[in-house]
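What follows is a set of notes on a single structure, which appears directly below.
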Amino acid sequence: MNKVQLVLCILGVLASVVTAQLGGRNPRFGTCLCVTGSSVNVRDNAGLNSRVIGSINRGQCYKYTGLKLTRDGYSWYTIDYNGRRGWVAGNYLIESAASRCQSGGGRPGCGRVDYRGYRVSDSQVRAKLVQIADLFCNRLWVTSGDRPNGRPGSHHYVGRAADFWIDGQSNNGGAMFDRIRRSGIMNTDYQVIWHGSRTCTGGEHIHIGRYTDGRRTCWVHEGTRPGNRCQYRCM
């Protein structure tokens, strides 16, 4: 074995040790854990037979919430999964800097915006879609954009809006909305709406529309319960 092969071998061993370390020990509560695999299942309890509640991908980071169990040959760890408890196999997690979790867990370039043929004219709205996709480190698919034949004066009508959803967030609109709000990337000049399952707009989605006067962002729940269907009050 030459020196190059020896160095590569040592680095490979060290990398495997770092990855495996988490699977055998219990880190401190609040430790930032980052995902090393693709389409890693998040479950409602420890074990391979537990219900899958979501999917996470390489580069996404979450805070450890202090519970660890060994089951089905894996060490399982609890994470704060968009405001709820989720269990993930430790084989796919490594510790990372606390700042990775404080910034929302994403990293530039890890997400992707799929416009699916919809036009979103406003460059600032398009830039926000990229930021949101990177926040979730996943595919953001646009469900509506410019509507030149829509309601006059609306954000869609003037070309400064987009409706979207994020892969892996089925039935999780509230958690998506809350995570975007907590991230701080939409604090000014926007209207952000979670159109829930009771929406009068045709289906559950997240909407962002850009103002142009620098006002504080208006956060809205619409159609999330019977009492707020077709209601657009800022929180």
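Ligands are numbered from 1 in the order shown, residues from 1 within each chain, and chains are lettered A, B, ... in the order they appear in the structure tokens.
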
For segment 58-72 of chain A, find every residue with an atom within 10 Å (counting only C-alpha atoms), except residues of its own chain fewer than 4 positions away, and show them as a count of residues only.
60

Hey, what's within 8 Å of Arg215 of chain A if we count only C-alpha atoms and toss same-chain stuff fewer than 4 positions away? As JSON, numbers by chain, please?
{"A": [188, 189, 190, 211]}

Could you list, as a PyMOL selection string, every residue within 9 Å of His205 of chain A, counting only C-alpha atoms and ignoring same-chain residues fewer than 5 positions away?
chain A and resi 143+163-165+173+193-197

With C-alpha atoms retained, write the just-selected residues as a short mmCIF file (atom, residue, chain, number, x, y, z; two decimals), in the first residue's frame.
```cif
data_model
loop_
_atom_site.label_atom_id
_atom_site.label_comp_id
_atom_site.auth_asym_id
_atom_site.auth_seq_id
_atom_site.Cartn_x
_atom_site.Cartn_y
_atom_site.Cartn_z
CA THR A 143 -48.59 25.65 -8.11
CA ASP A 163 -48.16 29.59 -4.59
CA PHE A 164 -46.15 26.50 -3.72
CA TRP A 165 -45.61 23.33 -1.71
CA GLY A 173 -48.75 23.03 5.99
CA ILE A 193 -50.61 32.79 3.70
CA TRP A 194 -51.13 29.22 4.75
CA HIS A 195 -54.23 28.18 2.81
CA GLY A 196 -55.38 25.16 4.81
CA SER A 197 -57.51 22.16 3.94
#
```

Please provide the set of residues having any atom within 9 Å of Val125 of chain A, restricted to only C-alpha atoms, with same-chain residues fewer than 3 positions apart removed, written as a compact mmCIF listing (two decimals) with N, CA, C and O atoms, in the first residue's frame.
```txt
# COMPACT_ATOMS: atom_id res chain seq x y z
N VAL A 120 -43.39 33.26 -12.94
CA VAL A 120 -43.32 34.17 -11.79
C VAL A 120 -42.41 35.32 -12.23
O VAL A 120 -41.19 35.18 -12.27
N SER A 121 -43.01 36.45 -12.57
CA SER A 121 -42.26 37.54 -13.20
C SER A 121 -41.31 38.24 -12.25
O SER A 121 -40.22 38.68 -12.65
N ASP A 122 -41.71 38.39 -11.00
CA ASP A 122 -40.96 39.22 -10.07
C ASP A 122 -39.67 38.52 -9.62
O ASP A 122 -39.70 37.43 -9.03
N LYS A 128 -36.89 34.67 -3.27
CA LYS A 128 -37.44 34.14 -2.02
C LYS A 128 -37.78 32.66 -2.15
O LYS A 128 -37.58 31.88 -1.21
N LEU A 129 -38.29 32.26 -3.30
CA LEU A 129 -38.59 30.84 -3.51
C LEU A 129 -37.32 30.00 -3.39
O LEU A 129 -37.34 28.91 -2.80
N VAL A 130 -36.22 30.50 -3.91
CA VAL A 130 -34.94 29.79 -3.80
C VAL A 130 -34.53 29.68 -2.33
O VAL A 130 -34.09 28.62 -1.86
N ARG A 160 -46.47 39.57 -8.78
CA ARG A 160 -45.56 39.57 -7.62
C ARG A 160 -45.98 38.52 -6.60
O ARG A 160 -45.97 38.76 -5.39
N ALA A 161 -46.34 37.33 -7.06
CA ALA A 161 -46.80 36.28 -6.13
C ALA A 161 -46.50 34.90 -6.68
O ALA A 161 -46.30 34.71 -7.88
N ALA A 162 -46.48 33.95 -5.76
CA ALA A 162 -46.35 32.54 -6.13
C ALA A 162 -47.01 31.69 -5.06
O ALA A 162 -46.98 32.02 -3.87
N ILE A 208 -47.00 33.33 -1.21
CA ILE A 208 -46.25 34.54 -0.87
C ILE A 208 -46.54 35.60 -1.94
O ILE A 208 -46.59 35.30 -3.13
N GLY A 209 -46.78 36.81 -1.48
CA GLY A 209 -47.00 37.94 -2.38
C GLY A 209 -46.20 39.13 -1.88
O GLY A 209 -46.14 39.38 -0.67
N ARG A 210 -45.57 39.85 -2.79
CA ARG A 210 -44.67 40.94 -2.38
C ARG A 210 -45.35 42.30 -2.49
O ARG A 210 -45.91 42.67 -3.52
```

Residues within 7 Å of Asn41 of chain A, only C-alpha atoms, excluding chain neighbours under 3 positions, as a list of chain:residue names
A:Val52, A:Gly54, A:Ser55, A:Ile56, A:Val88

Write out the residues from the selection above, keeping C-alpha atoms, as an mmCIF file, in the first residue's frame.
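For reference, part09.cif as written:
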```cif
data_model
loop_
_atom_site.group_PDB
_atom_site.id
_atom_site.type_symbol
_atom_site.label_atom_id
_atom_site.label_comp_id
_atom_site.auth_asym_id
_atom_site.auth_seq_id
_atom_site.Cartn_x
_atom_site.Cartn_y
_atom_site.Cartn_z
ATOM 1 C CA VAL A 52 -43.438 7.512 8.521
ATOM 2 C CA GLY A 54 -41.917 12.771 6.669
ATOM 3 C CA SER A 55 -38.693 12.585 4.712
ATOM 4 C CA ILE A 56 -35.458 14.552 5.180
ATOM 5 C CA VAL A 88 -34.620 9.195 12.950
#
```

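Residue nearest Thr217 of chain A, chosen from A:Asn57, A:Ser75, A:Gln191, A:Asn91 and counting only C-alpha atoms: A:Gln191.
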
Between A:Ala133, A:Ala127, A:Met186, A:Ile206, which has the minimum distance to Asn172 of chain A (counting only C-alpha atoms)?
A:Ile206
